[in-house]
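**Student:** Structure file run23.cif, mmCIF, C-alpha atoms and all ligand atoms, is pasted below:
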```cif
data_protein
#
loop_
_atom_site.label_atom_id
_atom_site.label_comp_id
_atom_site.auth_asym_id
_atom_site.auth_seq_id
_atom_site.Cartn_x
_atom_site.Cartn_y
_atom_site.Cartn_z
CA MET A 1 19.02 18.73 24.66
CA SER A 2 17.37 15.33 24.11
CA ARG A 3 19.45 12.12 24.07
CA VAL A 4 18.69 11.79 20.34
CA ASP A 5 20.13 15.28 19.70
CA GLN A 6 23.18 14.42 21.82
CA LEU A 7 23.77 11.29 19.74
CA ARG A 8 23.69 13.30 16.53
CA GLY A 9 25.82 16.08 17.95
CA SER A 10 26.36 19.40 16.23
CA GLY A 11 25.29 18.31 12.70
CA PRO A 12 21.82 19.08 11.34
CA ARG A 13 19.27 16.28 11.42
CA LYS A 14 19.54 14.26 8.21
CA ARG A 15 16.25 14.40 6.34
CA HIS A 16 14.69 11.22 5.04
CA ASN A 17 13.38 10.74 1.53
CA ALA A 18 11.61 7.81 -0.10
CA ARG A 19 14.94 6.17 -0.96
CA THR A 20 16.24 6.35 2.61
CA ILE A 21 12.90 5.20 4.04
CA ALA A 22 12.83 2.32 1.55
CA ALA A 23 16.38 1.38 2.60
CA LEU A 24 15.15 0.93 6.18
CA THR A 25 13.51 -2.30 5.10
CA GLY A 26 16.78 -3.63 3.67
CA ASN A 27 18.11 -4.91 6.99
CA PRO A 28 15.34 -4.65 9.56
CA GLY A 29 17.31 -6.61 12.18
CA CYS A 30 20.13 -4.07 12.45
CA THR A 31 19.99 -2.05 15.67
CA ARG A 32 22.88 0.18 14.62
CA ARG A 33 21.06 1.41 11.57
CA ALA A 34 17.79 1.86 13.49
CA VAL A 35 19.55 4.00 16.13
CA LEU A 36 21.48 6.11 13.60
CA ASP A 37 18.41 6.72 11.47
CA ALA A 38 16.19 7.52 14.42
CA ALA A 39 18.74 10.08 15.58
CA GLY A 40 18.98 11.54 12.05
CA VAL A 41 22.76 10.98 11.94
CA ASP A 42 24.44 11.91 8.64
CA LYS A 43 25.72 8.39 7.87
CA PRO A 44 27.75 9.27 4.73
CA ARG A 45 29.60 11.94 6.72
CA LEU A 46 30.14 9.58 9.65
CA ALA A 47 31.49 6.87 7.32
CA GLU A 48 33.84 9.36 5.68
CA THR A 49 35.07 10.69 9.04
CA ILE A 50 36.00 7.22 10.31
CA GLY A 51 37.78 6.45 7.03
CA PHE A 52 35.26 4.14 5.36
CA PRO A 53 33.45 6.21 2.70
CA GLY A 54 31.04 4.41 0.40
CA SER A 55 30.02 5.23 -3.12
CA PHE A 56 26.31 5.72 -3.56
CA GLY A 57 24.02 7.16 -6.19
CA GLN A 58 23.50 6.76 -9.91
CA SER A 59 26.16 7.38 -12.51
CA ARG A 60 25.91 10.60 -14.54
CA PHE A 61 25.04 8.53 -17.61
CA ALA A 62 22.19 6.76 -15.82
CA LEU A 63 20.88 10.08 -14.48
CA ALA A 64 20.92 11.69 -17.95
CA ARG A 65 19.17 8.67 -19.48
CA GLY A 66 16.57 8.70 -16.71
CA ASN A 67 15.89 12.43 -17.16
CA ALA A 68 15.54 12.08 -20.94
CA PHE A 69 13.14 9.14 -20.53
CA GLU A 70 11.00 11.01 -18.02
CA ALA A 71 10.90 14.21 -20.13
CA MET A 72 9.78 12.18 -23.13
CA LEU A 73 6.92 10.57 -21.18
CA LYS A 74 5.76 13.85 -19.70
CA ALA A 75 5.94 15.96 -22.88
CA ASP A 76 2.61 17.46 -24.09
CA ASP A 77 0.88 17.00 -20.76
CA CYS A 78 1.99 13.37 -20.42
CA ALA A 79 0.59 12.27 -23.80
CA LEU A 80 2.95 9.28 -24.10
CA LEU A 81 2.53 8.31 -20.46
CA ARG A 82 -1.26 8.34 -20.87
CA SER A 83 -1.03 6.01 -23.83
CA VAL A 84 1.26 3.57 -21.92
CA LEU A 85 -1.15 3.63 -18.97
CA SER A 86 -4.21 3.43 -21.26
CA LEU A 87 -5.66 6.52 -19.61
CA PRO A 88 -8.06 8.86 -21.41
CA GLU A 89 -7.24 12.53 -21.81
CA GLY A 90 -7.95 14.52 -18.67
CA ARG A 91 -6.54 16.70 -15.96
CA TYR A 92 -2.77 16.91 -15.48
CA GLU A 93 -1.34 18.97 -12.69
CA ASP A 94 2.30 19.43 -11.78
CA LEU A 95 2.60 20.35 -8.11
CA GLY A 96 6.38 20.77 -8.39
CA GLU A 97 8.32 23.51 -6.72
CA ASP A 98 7.50 27.16 -7.40
CA SER A 99 10.20 29.68 -6.67
CA ASP A 100 8.37 31.20 -3.67
CA ASP A 101 6.95 27.92 -2.41
CA THR A 102 7.48 26.39 1.01
CA LEU A 103 7.18 22.68 1.75
CA THR A 104 4.10 23.31 3.86
CA ALA A 105 2.44 25.32 1.06
CA ARG A 106 3.13 22.54 -1.45
CA HIS A 107 1.78 19.93 0.92
CA THR A 108 -1.40 21.98 1.44
CA ARG A 109 -1.86 22.30 -2.34
CA THR A 110 -1.38 18.54 -2.69
CA ARG A 111 -4.02 17.87 -0.04
CA ASP A 112 -6.45 20.27 -1.69
CA VAL A 113 -6.09 18.66 -5.12
CA LEU A 114 -6.34 15.14 -3.71
CA ALA A 115 -9.41 16.04 -1.67
CA ASP A 116 -11.16 16.81 -4.96
CA GLY A 117 -11.48 13.10 -5.69
CA ASP A 118 -10.58 13.61 -9.33
CA ALA A 119 -6.84 14.14 -9.42
CA GLY A 120 -6.40 12.95 -13.04
CA LEU A 121 -2.63 12.73 -13.37
CA LEU A 122 -0.91 14.41 -10.47
CA ASP A 123 2.81 15.06 -10.76
CA HIS A 124 5.22 15.81 -7.86
CA PRO A 125 2.65 15.75 -5.05
CA LEU A 126 4.35 16.60 -1.75
CA LEU A 127 3.50 13.98 0.86
CA THR A 128 4.38 13.47 4.52
CA LEU A 129 5.15 10.42 6.64
CA SER A 130 5.94 10.07 10.32
CA VAL A 131 9.39 8.48 10.80
CA ALA A 132 10.67 7.97 14.35
CA GLY A 133 8.39 10.71 15.63
CA GLN A 134 9.52 13.17 12.96
CA THR A 135 7.29 14.34 10.12
CA VAL A 136 9.16 13.73 6.92
CA PHE A 137 8.29 15.51 3.68
CA LEU A 138 8.50 13.21 0.68
CA GLU A 139 9.19 14.92 -2.61
CA PRO A 140 8.56 12.07 -4.94
CA ASP A 141 9.21 11.85 -8.61
CA LEU A 142 5.83 10.32 -8.47
CA ILE A 143 2.72 10.48 -10.49
CA ALA A 144 -0.56 9.59 -8.90
CA ALA A 145 -3.12 8.45 -11.46
CA GLN A 146 -6.82 8.51 -10.72
CA ARG A 147 -8.53 5.29 -11.80
CA GLY A 148 -12.18 5.41 -10.86
CA ASP A 149 -12.36 5.90 -7.11
CA VAL A 150 -8.77 4.92 -6.38
CA LEU A 151 -5.38 6.49 -6.91
CA GLN A 152 -2.57 4.45 -8.36
CA VAL A 153 1.10 5.23 -7.85
CA VAL A 154 3.07 5.41 -11.08
CA GLU A 155 6.87 5.21 -10.87
CA ILE A 156 9.03 6.12 -13.84
CA LYS A 157 12.36 4.27 -13.75
CA SER A 158 15.19 4.27 -16.24
CA PHE A 159 16.34 0.64 -15.88
CA ALA A 160 15.39 -1.48 -18.87
CA ILE A 161 12.91 -4.33 -19.07
CA VAL A 162 14.49 -6.74 -21.52
CA ASP A 163 12.34 -9.56 -22.89
CA GLY A 164 9.90 -9.04 -20.04
CA GLN A 165 12.64 -9.31 -17.39
CA ALA A 166 14.40 -6.65 -15.34
CA GLU A 167 17.19 -6.79 -12.78
CA SER A 168 15.47 -8.14 -9.67
CA ALA A 169 17.35 -5.85 -7.24
CA ALA A 170 16.25 -2.77 -9.23
CA VAL A 171 12.62 -3.95 -9.34
CA SER A 172 12.48 -4.77 -5.64
CA SER A 173 14.00 -1.42 -4.68
CA ALA A 174 11.48 0.37 -6.96
CA ALA A 175 8.67 -1.66 -5.35
CA VAL A 176 9.72 -0.64 -1.84
CA GLN A 177 10.00 3.02 -2.84
CA ALA A 178 6.56 2.87 -4.43
CA ALA A 179 5.25 1.28 -1.21
CA VAL A 180 6.55 4.32 0.71
CA TYR A 181 4.41 6.55 -1.50
CA VAL A 182 1.38 4.26 -1.19
CA LEU A 183 1.71 4.40 2.59
CA ALA A 184 2.04 8.21 2.62
CA LEU A 185 -0.96 8.60 0.29
CA ARG A 186 -3.01 6.18 2.39
CA GLN A 187 -2.22 8.13 5.54
CA LEU A 188 -3.60 11.20 3.80
CA LEU A 189 -6.63 9.72 2.08
CA GLY A 190 -7.43 6.38 3.75
CA ASP A 191 -6.52 2.82 2.73
CA ASP A 192 -9.42 2.26 0.37
CA ARG A 193 -8.59 5.26 -1.81
CA VAL A 194 -5.07 4.14 -2.78
CA SER A 195 -4.35 0.94 -4.67
CA HIS A 196 -1.70 -1.54 -3.54
CA ASP A 197 -1.00 -2.22 -7.22
CA VAL A 198 1.61 0.24 -8.48
CA VAL A 199 2.71 0.77 -12.06
CA LEU A 200 6.35 0.80 -13.08
CA VAL A 201 7.06 2.52 -16.38
CA CYS A 202 10.47 1.58 -17.80
CA PRO A 203 12.25 1.59 -21.17
CA GLU A 204 11.70 -1.62 -23.07
CA ASN A 205 14.65 -3.67 -24.34
CA PHE A 206 17.47 -1.40 -25.50
CA SER A 207 15.32 1.48 -26.75
CA LEU A 208 13.63 4.34 -24.92
CA GLN A 209 10.23 2.93 -25.89
CA PRO A 210 8.22 2.79 -22.63
CA THR A 211 6.46 -0.23 -21.23
CA ALA A 212 4.38 -0.58 -18.05
CA VAL A 213 4.27 -3.40 -15.49
CA VAL A 214 2.01 -3.68 -12.47
CA LEU A 215 3.51 -4.66 -9.10
CA ASP A 216 1.56 -5.71 -6.03
CA VAL A 217 3.34 -4.02 -3.09
CA ARG A 218 1.28 -5.45 -0.18
CA LYS A 219 4.28 -7.39 1.16
CA GLN A 220 6.53 -4.33 0.97
CA LEU A 221 3.85 -2.25 2.72
CA SER A 222 3.68 -4.58 5.71
CA THR A 223 7.49 -4.77 6.02
CA LEU A 224 7.64 -1.00 5.84
CA LYS A 225 4.97 -0.53 8.50
CA ARG A 226 6.75 -3.01 10.77
CA GLN A 227 10.07 -1.26 10.37
CA LEU A 228 8.58 2.21 10.90
CA SER A 229 6.91 1.08 14.11
CA ARG A 230 10.23 -0.44 15.22
CA LEU A 231 11.92 2.92 14.60
CA ALA A 232 9.25 4.62 16.67
CA SER A 233 10.09 2.30 19.59
CA VAL A 234 13.84 2.66 19.17
CA SER A 235 13.86 5.55 21.64
CA SER A 236 13.92 3.08 24.55
CA LEU A 237 16.98 1.44 23.00
CA ILE A 238 18.63 4.83 22.68
CA ASP A 239 17.91 5.61 26.34
CA GLU A 240 19.77 2.44 27.36
CA LEU A 241 22.98 3.41 25.54
CA PRO A 242 25.90 4.49 27.75
CA PRO A 243 26.10 8.31 28.04
CA SER A 244 29.53 8.28 26.34
CA VAL A 245 28.04 7.04 23.05
CA THR A 246 27.89 9.80 20.44
CA PHE A 247 28.02 10.03 16.67
CA ASP A 248 29.01 13.69 16.59
CA VAL A 249 31.57 13.82 13.77
CA ALA A 250 33.41 16.57 15.66
CA GLN A 251 34.56 13.83 18.09
CA PRO A 252 37.91 12.09 17.62
CA VAL A 253 37.76 8.97 15.40
CA PRO A 254 38.56 6.47 18.23
CA ALA A 255 35.58 7.80 20.21
CA LEU A 256 33.31 7.40 17.17
CA LEU A 257 34.53 3.85 16.59
CA GLU A 258 33.93 3.00 20.23
CA SER A 259 30.39 4.39 19.96
CA LEU A 260 29.70 2.33 16.85
CA THR A 261 30.91 -0.82 18.60
CA ALA A 262 28.47 -0.11 21.43
CA VAL A 263 25.48 -0.51 19.08
CA GLU A 264 24.98 -3.97 17.64
CA ALA A 265 25.16 -4.31 13.85
CA ARG A 266 23.91 -7.12 11.64
CA TYR A 267 26.00 -6.90 8.51
CA ALA A 268 24.88 -8.77 5.38
CA PRO A 269 26.13 -8.34 1.80
CA GLU A 270 22.82 -6.59 0.94
CA CYS A 271 24.02 -3.69 3.11
CA LEU A 272 26.46 -2.72 0.35
CA SER A 273 23.63 -1.37 -1.79
CA ALA A 274 21.44 -0.07 0.99
CA CYS A 275 23.44 1.53 3.80
CA GLU A 276 26.14 4.19 3.77
CA LEU A 277 28.01 2.53 6.64
CA SER A 278 28.40 -0.74 4.76
CA VAL A 279 32.13 -0.47 4.02
CA TYR A 280 32.86 -0.03 7.72
CA CYS A 281 30.44 -2.76 8.83
CA ARG A 282 31.87 -5.18 6.26
CA HIS A 283 35.37 -4.49 7.58
CA GLU A 284 34.16 -4.98 11.15
CA ALA A 285 32.46 -8.28 10.23
CA THR A 286 35.53 -9.73 8.49
CA GLY A 287 35.96 -13.35 9.50
CA ALA A 288 32.34 -13.75 10.66
CA THR A 289 30.20 -16.32 8.83
CA ALA A 290 27.22 -13.91 8.93
CA ALA A 291 29.13 -11.53 6.65
CA LEU A 292 28.90 -14.13 3.87
CA GLY A 293 25.16 -13.65 3.53
CA ARG A 294 21.84 -14.91 4.78
CA PRO A 295 22.03 -18.43 3.21
CA VAL A 296 25.38 -19.03 4.95
CA ARG A 297 24.07 -17.53 8.20
CA ASP A 298 21.06 -19.89 8.05
CA ALA A 299 23.08 -22.98 7.09
CA LEU A 300 25.79 -22.37 9.69
CA GLY A 301 23.66 -21.34 12.67
CA GLY A 302 25.80 -21.48 15.80
CA VAL A 303 29.10 -21.28 13.89
CA ALA A 304 30.15 -17.67 14.34
CA THR A 305 33.49 -17.42 12.54
CA VAL A 306 35.05 -18.63 9.30
CA ASP A 307 38.01 -20.05 11.28
CA GLU A 308 35.61 -22.13 13.38
CA ALA A 309 33.82 -23.33 10.20
CA LEU A 310 37.14 -24.40 8.65
CA GLY A 311 38.11 -26.22 11.85
CA LEU A 312 34.79 -28.07 11.94
CA ALA A 313 35.13 -28.97 8.25
CA ALA A 314 38.63 -30.34 8.78
CA GLY A 315 37.64 -32.14 11.98
CA THR A 316 40.19 -30.22 14.04
CA VAL A 317 37.48 -28.53 16.13
CA LEU A 318 34.94 -30.53 18.12
CA PRO A 319 31.35 -29.30 17.56
CA THR A 320 29.17 -28.19 20.47
CA PRO A 321 25.71 -29.86 20.58
CA GLU A 322 24.17 -26.86 18.73
CA GLN A 323 26.81 -27.09 16.01
CA THR A 324 26.38 -30.80 15.23
CA GLU A 325 24.17 -30.30 12.18
CA ALA A 326 26.31 -27.51 10.71
CA ALA A 327 29.47 -29.53 11.43
CA ALA A 328 28.11 -32.54 9.50
CA LEU A 329 27.29 -30.26 6.56
CA LEU A 330 30.75 -28.71 6.63
CA ALA A 331 32.52 -32.08 6.87
CA ALA A 332 30.51 -33.41 3.90
CA ALA A 333 31.32 -30.27 1.88
CA ALA A 334 35.02 -30.61 2.71
CA ARG A 335 35.00 -34.30 1.68
CA LEU A 336 33.30 -33.50 -1.64
CA ARG A 337 35.75 -30.69 -2.31
CA ASN A 338 38.75 -32.90 -1.59
CA GLU A 339 37.34 -35.65 -3.84
CA ALA A 340 36.73 -33.15 -6.67
CA LEU A 341 40.24 -31.72 -6.34
CA SER A 342 41.94 -35.12 -6.27
CA ALA A 343 39.94 -36.27 -9.33
S1 LIG B 1 25.78 -1.43 6.90
FE1 LIG B 1 25.98 -1.70 9.08
S2 LIG B 1 24.62 -0.20 10.01
FE2 LIG B 1 24.04 -0.39 7.89
S3 LIG B 1 22.38 -1.91 7.92
FE3 LIG B 1 24.30 -3.01 7.49
S4 LIG B 1 25.05 -3.67 9.46
FE4 LIG B 1 23.50 -2.12 9.85
#
```
Could you write out this file's structure as structure tokens?
Ligand code: SF4
**Tutor:**
Amino acid sequence: MSRVDQLRGSGPRKRHNARTIAALTGNPGCTRRAVLDAAGVDKPRLAETIGFPGSFGQSRFALARGNAFEAMLKADDCALLRSVLSLPEGRYEDLGEDSDDTLTARHTRTRDVLADGDAGLLDHPLLTLSVAGQTVFLEPDLIAAQRGDVLQVVEIKSFAIVDGQAESAAVSSAAVQAAVYVLALRQLLGDDRVSHDVVLVCPENFSLQPTAVVLDVRKQLSTLKRQLSRLASVSSLIDELPPSVTFDVAQPVPALLESLTAVEARYAPECLSACELSVYCRHEATGATAALGRPVRDALGGVATVDEALGLAAGTVLPTPEQTEAAALLAAAARLRNEALSA
């Protein structure tokens, strides 16, 4: 049994999808996440076992709204979607699951249609991506649209664009997911055949009327590639872990907690929307300045704990040479606060 399999223990390897691959870019500096993902550990189950379950996923209302929006766009061979994308009538093929289909058969069909060079509108293509040495099948809710010689990824999302603006967290997560598909399509067809401009189709304002916006995902693509190559090299990190480290949920909770402590985490508030272990990691990071977010981490470099920051602000703790700048900032902030309160 390989060390990676030992780490995961008796549970089946957790399969990645575009959402989980996209989440890898959320906190690229976290070794704990890199190790758990490379080993295919079931993080939601691990979090539940140690008593820190998280709540992930869309609400039932959001799911129903999303399904209704998508069905409307795809009705009559995507007539409405074509008009939003300004595409002429043409081929539309849904490569979605048939009852007797295997993943490999669907992937082969996808490759055959894409090799044609005139995919038209291609729905549910089954793509693959190599993640930590494992070939991952991606079953995207994705449409690939042929525009001249290039394919363009079209993502249908149910969050609203109101007065030309959408929630930035929702847009950036959609952009990273779309970048996952661009990368997988490029690995299949070559870089020059897949555009880095993706189209997001969302409801406009408070109606279900669709609108399309184009996003350039070049930045997301390079972050993604960097993080995937880091995952590929994480095996050397795994080899250095003490033999007692395991994330097998059949182990007693204290052993699991000890194993988690052995792998360095880098908690940030963004983890709460991107990683299933976030409730545990937030608890573990209580009292650390880094847990307050990247701006605080950057401003208070060298000041590890909130207690230390309060001491420096009050002048009851002497700063080390590396803390001088942060200490001056903290003292000024404390003075301003006291002045504001006394006024
Ligand atoms: S929640 Fe924990 S394991 Fe997940 S990315 Fe954040 S620090 Fe890393």
**Student:** Give me the residues near Val199 (chain A) as a VMD selection string, where near means some atom within 10 Å (using all atoms listed in the file) and where sequence neighbours in that chain fewer than 4 positions away do not count.
**Tutor:** chain A and resid 85 143 to 145 152 to 156 175 178 211 to 216
**Student:** Could you list, as a list in words, every residue within 12 Å of Ala333 (chain A), counting all atoms listed in the file and ignoring same-chain residues fewer than 3 positions away?
**Tutor:**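 Residues meeting the cut-off are Ala309, Leu310, Leu312, Ala313, Ala314, Ala326, Ala327, Ala328, Leu329, Leu330, Leu336, Arg337, Asn338, Glu339 and Ala340 of chain A.
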**Student:** Within 7 Å of ligand LIG 1 (chain B), which residues show up when you count all atoms listed in the file? List them as a ChimeraX atom specification, please.
**Tutor:** /A:27,30-33,265-268,271-272,275-278,281
**Student:** Could you give me, as a ChimeraX atom specification, the residues that sit within 12 Å of (16.8, 12.9, 24.0) in the file's coordinates, counting all atoms listed in the file?
**Tutor:** /A:1-9,38-39,234-241,243
**Student:** With only C-alpha atoms as the atoms that count, which of A:Glu284, A:Gly293, A:Glu308, A:Ala331 lies nearest to Glu270 (chain A)?
**Tutor:**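 Result for the nearest residue to Glu270 (chain A): A:Gly293.
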**Student:** One decimal, in Å: what's the spacing between CA of Arg111 (chain A) and CA of Ala18 (chain A)?
**Tutor:**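 A separation of 18.6 Å between them.
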**Student:** Need the shell around Phe247 (chain A): protein/DNA/RNA residues with any atom at most 10 Å away, counting all atoms listed in the file. Skip same-chain ones fewer than 4 positions apart. Format as a list in words?
**Tutor:**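 That gives Asp5, Gln6, Leu7, Arg8, Gly9, Ser10, Gly11, Leu36, Ala39, Val41, Asp42, Lys43, Leu46, Gln251, Val253, Ala255, Leu256, Leu257, Glu258, Ser259 and Leu260 of chain A.
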**Student:** Quick one: of A:Thr316, A:Ser273, A:Thr289, A:Thr110, who's nearest to Ala169 (chain A), counting only C-alpha atoms?
**Tutor:**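 Closest residue, counting only C-alpha atoms: A:Ser273.
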**Student:** As an exercise, work out the distance from CA of His107 (chain A) to CA of Gly26 (chain A) in Å and give it to one decimal place.
**Tutor:**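 CA of Gly26 (chain A) lies at a distance of 28.1 Å from CA of His107 (chain A).
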**Student:** Quick one: distance from CA of Val180 (chain A) to CA of Thr104 (chain A) in Å, one decimal?
**Tutor:**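 Atom-to-atom, CA of Val180 (chain A) to CA of Thr104 (chain A), that is 19.4 Å.
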**Student:** Closest to Arg230 (chain A) among A:Val162, A:Val131, A:Ala75, A:Leu114, using all atoms listed in the file?
**Tutor:**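 That would be A:Val131, the residue with the smallest distance to Arg230 (chain A).
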**Student:** Put region 316-325 of chain A into a file with all heavy atoms, as a PDB file, in the first residue's frame.
**Tutor:**
```
ATOM      1  N   THR A 316       2.643  47.517  26.703  1.00  0.00           N
ATOM      2  CA  THR A 316       3.041  46.636  27.806  1.00  0.00           C
ATOM      3  C   THR A 316       3.988  45.529  27.335  1.00  0.00           C
ATOM      4  O   THR A 316       4.525  44.785  28.137  1.00  0.00           O
ATOM      5  CB  THR A 316       1.805  45.996  28.467  1.00  0.00           C
ATOM      6  OG1 THR A 316       1.034  45.354  27.434  1.00  0.00           O
ATOM      7  CG2 THR A 316       0.940  47.018  29.175  1.00  0.00           C
ATOM      8  N   VAL A 317       4.141  45.400  26.022  1.00  0.00           N
ATOM      9  CA  VAL A 317       5.080  44.414  25.463  1.00  0.00           C
ATOM     10  C   VAL A 317       6.100  45.179  24.634  1.00  0.00           C
ATOM     11  O   VAL A 317       5.741  46.049  23.843  1.00  0.00           O
ATOM     12  CB  VAL A 317       4.320  43.390  24.577  1.00  0.00           C
ATOM     13  CG1 VAL A 317       5.291  42.507  23.810  1.00  0.00           C
ATOM     14  CG2 VAL A 317       3.365  42.538  25.409  1.00  0.00           C
ATOM     15  N   LEU A 318       7.385  44.853  24.842  1.00  0.00           N
ATOM     16  CA  LEU A 318       8.436  45.528  24.061  1.00  0.00           C
ATOM     17  C   LEU A 318       8.580  44.848  22.703  1.00  0.00           C
ATOM     18  O   LEU A 318       8.682  43.620  22.630  1.00  0.00           O
ATOM     19  CB  LEU A 318       9.761  45.435  24.809  1.00  0.00           C
ATOM     20  CG  LEU A 318      10.003  46.502  25.877  1.00  0.00           C
ATOM     21  CD1 LEU A 318      11.387  46.306  26.497  1.00  0.00           C
ATOM     22  CD2 LEU A 318       9.902  47.918  25.275  1.00  0.00           C
ATOM     23  N   PRO A 319       8.575  45.629  21.592  1.00  0.00           N
ATOM     24  CA  PRO A 319       8.687  44.979  20.277  1.00  0.00           C
ATOM     25  C   PRO A 319      10.101  44.469  20.003  1.00  0.00           C
ATOM     26  O   PRO A 319      11.073  45.069  20.445  1.00  0.00           O
ATOM     27  CB  PRO A 319       8.322  46.107  19.304  1.00  0.00           C
ATOM     28  CG  PRO A 319       8.626  47.372  20.039  1.00  0.00           C
ATOM     29  CD  PRO A 319       8.431  47.092  21.497  1.00  0.00           C
ATOM     30  N   THR A 320      10.173  43.356  19.279  1.00  0.00           N
ATOM     31  CA  THR A 320      11.475  42.875  18.771  1.00  0.00           C
ATOM     32  C   THR A 320      11.822  43.770  17.571  1.00  0.00           C
ATOM     33  O   THR A 320      10.931  44.472  17.057  1.00  0.00           O
ATOM     34  CB  THR A 320      11.357  41.411  18.302  1.00  0.00           C
ATOM     35  OG1 THR A 320      10.395  41.363  17.248  1.00  0.00           O
ATOM     36  CG2 THR A 320      10.935  40.494  19.430  1.00  0.00           C
ATOM     37  N   PRO A 321      13.059  43.734  17.079  1.00  0.00           N
ATOM     38  CA  PRO A 321      13.400  44.598  15.937  1.00  0.00           C
ATOM     39  C   PRO A 321      12.461  44.379  14.743  1.00  0.00           C
ATOM     40  O   PRO A 321      12.085  45.328  14.056  1.00  0.00           O
ATOM     41  CB  PRO A 321      14.842  44.193  15.603  1.00  0.00           C
ATOM     42  CG  PRO A 321      15.378  43.663  16.876  1.00  0.00           C
ATOM     43  CD  PRO A 321      14.238  43.045  17.621  1.00  0.00           C
ATOM     44  N   GLU A 322      12.048  43.123  14.487  1.00  0.00           N
ATOM     45  CA  GLU A 322      11.161  42.869  13.322  1.00  0.00           C
ATOM     46  C   GLU A 322       9.745  43.408  13.557  1.00  0.00           C
ATOM     47  O   GLU A 322       8.972  43.573  12.615  1.00  0.00           O
ATOM     48  CB  GLU A 322      11.018  41.363  13.023  1.00  0.00           C
ATOM     49  CG  GLU A 322      12.274  40.544  12.928  1.00  0.00           C
ATOM     50  CD  GLU A 322      12.767  40.121  14.301  1.00  0.00           C
ATOM     51  OE1 GLU A 322      12.050  39.384  14.989  1.00  0.00           O
ATOM     52  OE2 GLU A 322      13.874  40.566  14.692  1.00  0.00           O
ATOM     53  N   GLN A 323       9.410  43.628  14.816  1.00  0.00           N
ATOM     54  CA  GLN A 323       8.035  44.073  15.111  1.00  0.00           C
ATOM     55  C   GLN A 323       7.909  45.590  15.216  1.00  0.00           C
ATOM     56  O   GLN A 323       6.800  46.089  15.425  1.00  0.00           O
ATOM     57  CB  GLN A 323       7.560  43.448  16.438  1.00  0.00           C
ATOM     58  CG  GLN A 323       7.379  41.939  16.378  1.00  0.00           C
ATOM     59  CD  GLN A 323       7.066  41.363  17.755  1.00  0.00           C
ATOM     60  OE1 GLN A 323       7.419  41.959  18.782  1.00  0.00           O
ATOM     61  NE2 GLN A 323       6.414  40.219  17.783  1.00  0.00           N
ATOM     62  N   THR A 324       9.007  46.316  15.055  1.00  0.00           N
ATOM     63  CA  THR A 324       8.980  47.761  15.320  1.00  0.00           C
ATOM     64  C   THR A 324       7.916  48.477  14.495  1.00  0.00           C
ATOM     65  O   THR A 324       7.129  49.273  15.023  1.00  0.00           O
ATOM     66  CB  THR A 324      10.373  48.382  15.008  1.00  0.00           C
ATOM     67  OG1 THR A 324      11.344  47.514  15.516  1.00  0.00           O
ATOM     68  CG2 THR A 324      10.530  49.740  15.633  1.00  0.00           C
ATOM     69  N   GLU A 325       7.873  48.158  13.199  1.00  0.00           N
ATOM     70  CA  GLU A 325       6.929  48.852  12.319  1.00  0.00           C
ATOM     71  C   GLU A 325       5.486  48.548  12.722  1.00  0.00           C
ATOM     72  O   GLU A 325       4.649  49.444  12.861  1.00  0.00           O
ATOM     73  CB  GLU A 325       7.179  48.389  10.884  1.00  0.00           C
ATOM     74  CG  GLU A 325       6.735  49.398   9.851  1.00  0.00           C
ATOM     75  CD  GLU A 325       7.061  48.885   8.459  1.00  0.00           C
ATOM     76  OE1 GLU A 325       8.197  48.425   8.231  1.00  0.00           O
ATOM     77  OE2 GLU A 325       6.160  48.920   7.630  1.00  0.00           O
TER      78      GLU A 325
END
```
